[in-house]
>>> print(open('coords-v9.pdb').read())   # PDB, C-alpha atoms
ATOM      1  CA  MET A   1      -9.952-230.498 275.685  1.00  0.00           C
ATOM      2  CA  THR A   2     -11.534-231.531 272.386  1.00  0.00           C
ATOM      3  CA  THR A   3     -14.118-234.292 272.384  1.00  0.00           C
ATOM      4  CA  LEU A   4     -11.966-236.701 270.367  1.00  0.00           C
ATOM      5  CA  LYS A   5      -8.922-236.147 272.571  1.00  0.00           C
ATOM      6  CA  SER A   6     -10.984-236.612 275.735  1.00  0.00           C
ATOM      7  CA  LYS A   7     -12.462-239.820 274.259  1.00  0.00           C
ATOM      8  CA  LEU A   8      -8.911-241.107 273.676  1.00  0.00           C
ATOM      9  CA  GLN A   9      -8.011-240.193 277.263  1.00  0.00           C
ATOM     10  CA  ASP A  10     -11.115-241.926 278.664  1.00  0.00           C
ATOM     11  CA  ASP A  11     -10.472-245.031 276.552  1.00  0.00           C
ATOM     12  CA  LEU A  12      -6.866-245.064 277.762  1.00  0.00           C
ATOM     13  CA  ASN A  13      -8.050-245.052 281.395  1.00  0.00           C
ATOM     14  CA  VAL A  14     -10.422-247.952 280.663  1.00  0.00           C
ATOM     15  CA  ALA A  15      -7.663-249.891 278.874  1.00  0.00           C
ATOM     16  CA  ILE A  16      -5.313-249.409 281.824  1.00  0.00           C
ATOM     17  CA  LYS A  17      -7.960-250.607 284.288  1.00  0.00           C
ATOM     18  CA  GLU A  18      -8.676-253.650 282.093  1.00  0.00           C
ATOM     19  CA  ARG A  19      -4.927-254.298 281.780  1.00  0.00           C
ATOM     20  CA  ASP A  20      -5.208-254.215 277.982  1.00  0.00           C
ATOM     21  CA  GLU A  21      -1.530-253.650 277.161  1.00  0.00           C
ATOM     22  CA  LEU A  22      -1.983-253.260 273.388  1.00  0.00           C
ATOM     23  CA  ARG A  23      -4.741-250.623 273.605  1.00  0.00           C
ATOM     24  CA  SER A  24      -3.114-248.713 276.449  1.00  0.00           C
ATOM     25  CA  SER A  25       0.307-248.495 274.783  1.00  0.00           C
ATOM     26  CA  THR A  26      -1.222-247.530 271.417  1.00  0.00           C
ATOM     27  CA  LEU A  27      -3.405-244.829 272.982  1.00  0.00           C
ATOM     28  CA  ARG A  28      -0.480-243.532 275.056  1.00  0.00           C
ATOM     29  CA  LEU A  29       1.667-243.151 271.940  1.00  0.00           C
ATOM     30  CA  THR A  30      -1.168-241.441 270.073  1.00  0.00           C
ATOM     31  CA  LEU A  31      -1.877-239.016 272.929  1.00  0.00           C
ATOM     32  CA  ALA A  32       1.853-238.261 273.101  1.00  0.00           C
ATOM     33  CA  ALA A  33       1.823-237.460 269.370  1.00  0.00           C
ATOM     34  CA  ILE A  34      -1.187-235.160 269.900  1.00  0.00           C
ATOM     35  CA  THR A  35       0.564-233.384 272.791  1.00  0.00           C
ATOM     36  CA  LYS A  36       3.725-233.044 270.702  1.00  0.00           C
ATOM     37  CA  GLU A  37       1.655-231.434 267.940  1.00  0.00           C
ATOM     38  CA  GLU A  38       0.045-229.055 270.463  1.00  0.00           C
ATOM     39  CA  VAL A  39       3.378-227.782 271.761  1.00  0.00           C
ATOM     40  CA  ALA A  40       5.060-227.622 268.355  1.00  0.00           C
ATOM     41  CA  GLY A  41       5.764-224.112 267.147  1.00  0.00           C
ATOM     42  CA  LYS A  42       6.147-220.932 269.139  1.00  0.00           C
ATOM     43  CA  THR A  43       3.028-221.166 271.320  1.00  0.00           C
ATOM     44  CA  LYS A  44       1.105-224.030 272.889  1.00  0.00           C
ATOM     45  CA  ARG A  45      -2.370-224.456 271.462  1.00  0.00           C
ATOM     46  CA  GLU A  46      -5.362-226.752 271.722  1.00  0.00           C
ATOM     47  CA  LEU A  47      -5.914-228.929 268.656  1.00  0.00           C
ATOM     48  CA  SER A  48      -9.353-229.073 267.061  1.00  0.00           C
ATOM     49  CA  ASP A  49     -11.060-232.434 266.496  1.00  0.00           C
ATOM     50  CA  ASP A  50     -10.065-232.276 262.811  1.00  0.00           C
ATOM     51  CA  GLU A  51      -6.423-231.709 263.737  1.00  0.00           C
ATOM     52  CA  VAL A  52      -6.549-234.547 266.295  1.00  0.00           C
ATOM     53  CA  GLN A  53      -8.036-236.764 263.596  1.00  0.00           C
ATOM     54  CA  LYS A  54      -5.156-235.879 261.245  1.00  0.00           C
ATOM     55  CA  VAL A  55      -2.667-236.895 263.952  1.00  0.00           C
ATOM     56  CA  ILE A  56      -4.497-240.210 264.463  1.00  0.00           C
ATOM     57  CA  THR A  57      -4.527-240.768 260.684  1.00  0.00           C
ATOM     58  CA  ARG A  58      -0.779-240.097 260.540  1.00  0.00           C
ATOM     59  CA  GLU A  59      -0.154-242.511 263.430  1.00  0.00           C
ATOM     60  CA  ALA A  60      -2.299-245.212 261.753  1.00  0.00           C
ATOM     61  CA  LYS A  61      -0.365-244.752 258.512  1.00  0.00           C
ATOM     62  CA  LYS A  62       2.918-245.170 260.409  1.00  0.00           C
ATOM     63  CA  ARG A  63       1.598-248.468 261.818  1.00  0.00           C
ATOM     64  CA  ARG A  64       0.601-249.732 258.349  1.00  0.00           C
ATOM     65  CA  GLU A  65       3.989-248.843 256.876  1.00  0.00           C
ATOM     66  CA  ALA A  66       5.848-250.405 259.798  1.00  0.00           C
ATOM     67  CA  ALA A  67       3.768-253.592 259.499  1.00  0.00           C
ATOM     68  CA  GLU A  68       4.684-253.841 255.804  1.00  0.00           C
ATOM     69  CA  ALA A  69       8.361-253.250 256.570  1.00  0.00           C
ATOM     70  CA  PHE A  70       8.379-255.888 259.321  1.00  0.00           C
ATOM     71  CA  ALA A  71       6.569-258.370 257.063  1.00  0.00           C
ATOM     72  CA  GLN A  72       9.126-257.833 254.287  1.00  0.00           C
ATOM     73  CA  GLY A  73      11.943-258.201 256.814  1.00  0.00           C
ATOM     74  CA  GLY A  74      10.613-261.570 257.976  1.00  0.00           C
ATOM     75  CA  ARG A  75       9.511-260.359 261.416  1.00  0.00           C
ATOM     76  CA  ALA A  76       5.921-261.616 261.441  1.00  0.00           C
ATOM     77  CA  GLU A  77       5.407-261.107 265.184  1.00  0.00           C
ATOM     78  CA  SER A  78       6.321-257.401 265.003  1.00  0.00           C
ATOM     79  CA  ALA A  79       4.208-256.996 261.852  1.00  0.00           C
ATOM     80  CA  GLU A  80       1.176-258.476 263.654  1.00  0.00           C
ATOM     81  CA  ARG A  81       1.696-256.090 266.581  1.00  0.00           C
ATOM     82  CA  GLU A  82       1.807-253.075 264.241  1.00  0.00           C
ATOM     83  CA  LYS A  83      -1.333-254.286 262.424  1.00  0.00           C
ATOM     84  CA  ALA A  84      -3.147-254.705 265.743  1.00  0.00           C
ATOM     85  CA  GLU A  85      -2.143-251.184 266.810  1.00  0.00           C
ATOM     86  CA  GLY A  86      -3.396-249.876 263.459  1.00  0.00           C
ATOM     87  CA  GLU A  87      -6.758-251.568 264.035  1.00  0.00           C
ATOM     88  CA  VAL A  88      -7.022-249.929 267.476  1.00  0.00           C
ATOM     89  CA  LEU A  89      -6.468-246.515 265.848  1.00  0.00           C
ATOM     90  CA  ALA A  90      -8.869-247.277 262.972  1.00  0.00           C
ATOM     91  CA  ALA A  91     -11.728-247.278 265.501  1.00  0.00           C
ATOM     92  CA  TYR A  92     -11.169-243.526 265.973  1.00  0.00           C
ATOM     93  CA  LEU A  93     -11.127-242.684 262.266  1.00  0.00           C
ATOM     94  CA  PRO A  94     -14.080-242.227 259.911  1.00  0.00           C
ATOM     95  CA  LYS A  95     -15.022-245.240 257.815  1.00  0.00           C
ATOM     96  CA  GLN A  96     -12.797-245.508 254.740  1.00  0.00           C
ATOM     97  CA  LEU A  97     -14.413-245.240 251.313  1.00  0.00           C
ATOM     98  CA  SER A  98     -14.714-248.429 249.304  1.00  0.00           C
ATOM     99  CA  ASP A  99     -12.966-248.595 245.927  1.00  0.00           C
ATOM    100  CA  ASP A 100     -16.320-248.204 244.135  1.00  0.00           C
ATOM    101  CA  GLU A 101     -17.269-245.112 246.188  1.00  0.00           C
ATOM    102  CA  LEU A 102     -13.837-243.579 245.622  1.00  0.00           C
ATOM    103  CA  ASN A 103     -13.948-244.277 241.876  1.00  0.00           C
ATOM    104  CA  ALA A 104     -17.415-242.663 241.651  1.00  0.00           C
ATOM    105  CA  ILE A 105     -16.180-239.474 243.366  1.00  0.00           C
ATOM    106  CA  VAL A 106     -13.044-239.400 241.183  1.00  0.00           C
ATOM    107  CA  ALA A 107     -15.099-239.938 237.991  1.00  0.00           C
ATOM    108  CA  GLN A 108     -17.338-237.016 238.927  1.00  0.00           C
ATOM    109  CA  ALA A 109     -14.279-234.827 239.605  1.00  0.00           C
ATOM    110  CA  VAL A 110     -12.732-235.815 236.243  1.00  0.00           C
ATOM    111  CA  GLU A 111     -15.951-234.697 234.517  1.00  0.00           C
ATOM    112  CA  GLU A 112     -15.854-231.382 236.421  1.00  0.00           C
ATOM    113  CA  ALA A 113     -12.208-230.859 235.421  1.00  0.00           C
ATOM    114  CA  LYS A 114     -12.989-231.662 231.762  1.00  0.00           C
ATOM    115  CA  ALA A 115     -15.825-229.141 231.866  1.00  0.00           C
ATOM    116  CA  ALA A 116     -13.304-226.589 233.135  1.00  0.00           C
ATOM    117  CA  GLY A 117     -10.995-227.409 230.222  1.00  0.00           C
ATOM    118  CA  ALA A 118      -8.446-229.699 231.879  1.00  0.00           C
ATOM    119  CA  GLU A 119      -7.877-233.009 230.101  1.00  0.00           C
ATOM    120  CA  GLY A 120      -5.409-235.876 230.007  1.00  0.00           C
ATOM    121  CA  PRO A 121      -2.623-236.576 232.483  1.00  0.00           C
ATOM    122  CA  ARG A 122      -1.958-232.839 232.919  1.00  0.00           C
ATOM    123  CA  ALA A 123      -5.381-232.527 234.587  1.00  0.00           C
ATOM    124  CA  MET A 124      -4.110-234.480 237.617  1.00  0.00           C
ATOM    125  CA  GLY A 125      -3.670-231.373 239.794  1.00  0.00           C
ATOM    126  CA  ALA A 126      -7.067-229.939 238.900  1.00  0.00           C
ATOM    127  CA  VAL A 127      -8.815-233.229 239.625  1.00  0.00           C
ATOM    128  CA  MET A 128      -6.960-233.714 242.932  1.00  0.00           C
ATOM    129  CA  LYS A 129      -8.048-230.210 244.036  1.00  0.00           C
ATOM    130  CA  ILE A 130     -11.675-231.209 243.448  1.00  0.00           C
ATOM    131  CA  VAL A 131     -11.419-234.700 245.009  1.00  0.00           C
ATOM    132  CA  ASN A 132      -9.326-234.055 248.148  1.00  0.00           C
ATOM    133  CA  PRO A 133     -11.884-231.942 250.077  1.00  0.00           C
ATOM    134  CA  LYS A 134     -14.608-234.511 249.312  1.00  0.00           C
ATOM    135  CA  VAL A 135     -12.646-237.521 250.584  1.00  0.00           C
ATOM    136  CA  ALA A 136     -10.675-235.870 253.408  1.00  0.00           C
ATOM    137  CA  GLY A 137      -9.978-238.466 256.072  1.00  0.00           C
ATOM    138  CA  GLN A 138     -11.926-241.164 254.254  1.00  0.00           C
ATOM    139  CA  ALA A 139      -9.281-242.246 251.753  1.00  0.00           C
ATOM    140  CA  GLU A 140      -5.500-242.170 251.819  1.00  0.00           C
ATOM    141  CA  GLY A 141      -3.787-239.783 249.407  1.00  0.00           C
ATOM    142  CA  GLY A 142      -1.973-242.580 247.571  1.00  0.00           C
ATOM    143  CA  ARG A 143      -5.231-244.425 246.901  1.00  0.00           C
ATOM    144  CA  VAL A 144      -6.853-241.227 245.627  1.00  0.00           C
ATOM    145  CA  ALA A 145      -3.893-240.391 243.373  1.00  0.00           C
ATOM    146  CA  SER A 146      -3.797-243.871 241.830  1.00  0.00           C
ATOM    147  CA  ALA A 147      -7.550-243.783 241.166  1.00  0.00           C
ATOM    148  CA  VAL A 148      -7.201-240.365 239.489  1.00  0.00           C
ATOM    149  CA  LYS A 149      -4.248-241.529 237.358  1.00  0.00           C
ATOM    150  CA  LYS A 150      -6.131-244.658 236.295  1.00  0.00           C
ATOM    151  CA  LEU A 151      -9.192-242.670 235.194  1.00  0.00           C
ATOM    152  CA  LEU A 152      -7.181-239.958 233.433  1.00  0.00           C
ATOM    153  CA  ALA A 153      -5.109-242.538 231.557  1.00  0.00           C
ATOM    154  CA  GLY A 154      -8.146-244.555 230.530  1.00  0.00           C
TER     155      GLY A 154
END
>>> encode(input="coords-v9.pdb", output="structure tokens")
Amino acid sequence: MTTLKSKLQDDLNVAIKERDELRSSTLRLTLAAITKEEVAGKTKRELSDDEVQKVITREAKKRREAAEAFAQGGRAESAEREKAEGEVLAAYLPKQLSDDELNAIVAQAVEEAKAAGAEGPRAMGAVMKIVNPKVAGQAEGGRVASAVKKLLAG
């Protein structure tokens, strides 16, 4: 078992013993998603820590989107629950980049792309190829794309 998955399992056991319903249900759902990912495809396999982290990131994103949908639908209680679950999952993810840090990385990538001959809005793909490996797991794709568009347009 990977270290991140075993940490989730250990934290789940602690949450159950402490009767922390929010943490235990969130961790159960996340571990179920990890197991589902492991058995997907033709053969069962063990996920690496990076793959487990991607599953946790996906689950956290689902919580954020659900919280927004509940808030727009006037269901504040459900939105709060989704936000709380997202915060539980955020503890297992790397710290997110601030807007300033992200903009600095994107600006550097834009310069690299310009040096390679890509300019203007058409350079979006080239810049994203440079930025994505640098910010993997530390910034959501939508945030990265909007920062790139803003810098290329400006």
>>> resolve_selection(input="coords-v9.pdb", expression="the PyMOL selection byres ((chain A and resi 49) around 7)", output="JSON, numbers by chain")
{"A": [2, 3, 4, 47, 48, 50, 51, 52, 53]}
>>> atom_distance(input="coords-v9.pdb", atom1="atom CA of Arg45 of chain A", atom2="atom CA of Ala136 of chain A")
22.9 Å
>>> atom_distance(input="coords-v9.pdb", atom1="atom CA of Ala40 of chain A", atom2="atom CA of Leu89 of chain A")
22.3 Å
>>> closest_residue(input="coords-v9.pdb", among="A:Arg28, A:Glu82, A:Thr35, A:Lys150", to="Ile16 of chain A", atoms="all atoms listed in the file")
A:Arg28
>>> residues_around(input="coords-v9.pdb", residues="Ala145 of chain A", least_positions_apart="5", cutoff="12 Å", atoms="only C-alpha atoms", output="VMD selection string")
chain A and resid 102 to 103 106 121 123 to 129 131 to 132 135 139 to 140 150 to 152
>>> resolve_selection(input="coords-v9.pdb", expression="the PyMOL selection byres ((chain A and resi 58) around 12)", output="list in words")
Thr30, Ala33, Ile34, Glu37, Glu51, Val52, Gln53, Lys54, Val55, Ile56, Thr57, Glu59, Ala60, Lys61, Lys62, Arg63, Arg64, Glu65, Gly86, Leu89, Ala90, Leu93, Gly137, Glu140 and Gly141 of chain A
>>> build_atoms(input="coords-v9.pdb", residues="segment 80-100 of chain A", atoms="N, CA, C and O atoms", output="compact mmCIF listing (two decimals), in the frame of the given file")
# COMPACT_ATOMS: atom_id res chain seq x y z
N GLU A 80 2.51 -258.26 263.07
CA GLU A 80 1.18 -258.48 263.65
C GLU A 80 0.88 -257.43 264.72
O GLU A 80 -0.24 -256.92 264.81
N ARG A 81 1.86 -257.10 265.53
CA ARG A 81 1.70 -256.09 266.58
C ARG A 81 1.35 -254.73 265.96
O ARG A 81 0.43 -254.05 266.40
N GLU A 82 2.07 -254.35 264.91
CA GLU A 82 1.81 -253.08 264.24
C GLU A 82 0.41 -253.07 263.62
O GLU A 82 -0.31 -252.07 263.69
N LYS A 83 0.01 -254.19 263.01
CA LYS A 83 -1.33 -254.29 262.42
C LYS A 83 -2.39 -254.14 263.50
O LYS A 83 -3.40 -253.45 263.31
N ALA A 84 -2.19 -254.79 264.63
CA ALA A 84 -3.15 -254.70 265.74
C ALA A 84 -3.25 -253.27 266.26
O ALA A 84 -4.36 -252.78 266.54
N GLU A 85 -2.12 -252.59 266.37
CA GLU A 85 -2.14 -251.18 266.81
C GLU A 85 -2.89 -250.33 265.79
O GLU A 85 -3.64 -249.42 266.15
N GLY A 86 -2.68 -250.61 264.51
CA GLY A 86 -3.40 -249.88 263.46
C GLY A 86 -4.89 -250.08 263.55
O GLY A 86 -5.67 -249.14 263.33
N GLU A 87 -5.33 -251.29 263.89
CA GLU A 87 -6.76 -251.57 264.04
C GLU A 87 -7.34 -250.82 265.23
O GLU A 87 -8.48 -250.36 265.17
N VAL A 88 -6.57 -250.69 266.32
CA VAL A 88 -7.02 -249.93 267.48
C VAL A 88 -7.27 -248.48 267.05
O VAL A 88 -8.31 -247.89 267.37
N LEU A 89 -6.34 -247.91 266.29
CA LEU A 89 -6.47 -246.52 265.85
C LEU A 89 -7.59 -246.35 264.83
O LEU A 89 -8.24 -245.30 264.79
N ALA A 90 -7.83 -247.37 264.01
CA ALA A 90 -8.87 -247.28 262.97
C ALA A 90 -10.25 -247.04 263.59
O ALA A 90 -11.12 -246.43 262.96
N ALA A 91 -10.44 -247.48 264.83
CA ALA A 91 -11.73 -247.28 265.50
C ALA A 91 -12.02 -245.79 265.73
O ALA A 91 -13.19 -245.41 265.89
N TYR A 92 -10.99 -244.96 265.72
CA TYR A 92 -11.17 -243.53 265.97
C TYR A 92 -11.22 -242.71 264.69
O TYR A 92 -11.36 -241.50 264.73
N LEU A 93 -11.12 -243.37 263.56
CA LEU A 93 -11.13 -242.68 262.27
C LEU A 93 -12.46 -242.91 261.56
O LEU A 93 -13.13 -243.93 261.80
N PRO A 94 -12.84 -242.00 260.66
CA PRO A 94 -14.08 -242.23 259.91
C PRO A 94 -13.92 -243.45 259.00
O PRO A 94 -12.80 -243.81 258.63
N LYS A 95 -15.04 -244.06 258.67
CA LYS A 95 -15.02 -245.24 257.82
C LYS A 95 -14.38 -244.89 256.48
O LYS A 95 -14.67 -243.85 255.89
N GLN A 96 -13.48 -245.75 256.01
CA GLN A 96 -12.80 -245.51 254.74
C GLN A 96 -13.75 -245.79 253.58
O GLN A 96 -14.59 -246.68 253.66
N LEU A 97 -13.59 -245.03 252.51
CA LEU A 97 -14.41 -245.24 251.31
C LEU A 97 -14.03 -246.55 250.64
O LEU A 97 -12.85 -246.91 250.60
N SER A 98 -15.02 -247.22 250.08
CA SER A 98 -14.71 -248.43 249.30
C SER A 98 -14.13 -247.99 247.96
O SER A 98 -14.23 -246.82 247.59
N ASP A 99 -13.54 -248.93 247.23
CA ASP A 99 -12.97 -248.60 245.93
C ASP A 99 -14.04 -248.06 244.98
O ASP A 99 -13.80 -247.12 244.22
N ASP A 100 -15.24 -248.65 245.02
CA ASP A 100 -16.32 -248.20 244.14
C ASP A 100 -16.75 -246.77 244.47
O ASP A 100 -16.94 -245.95 243.57
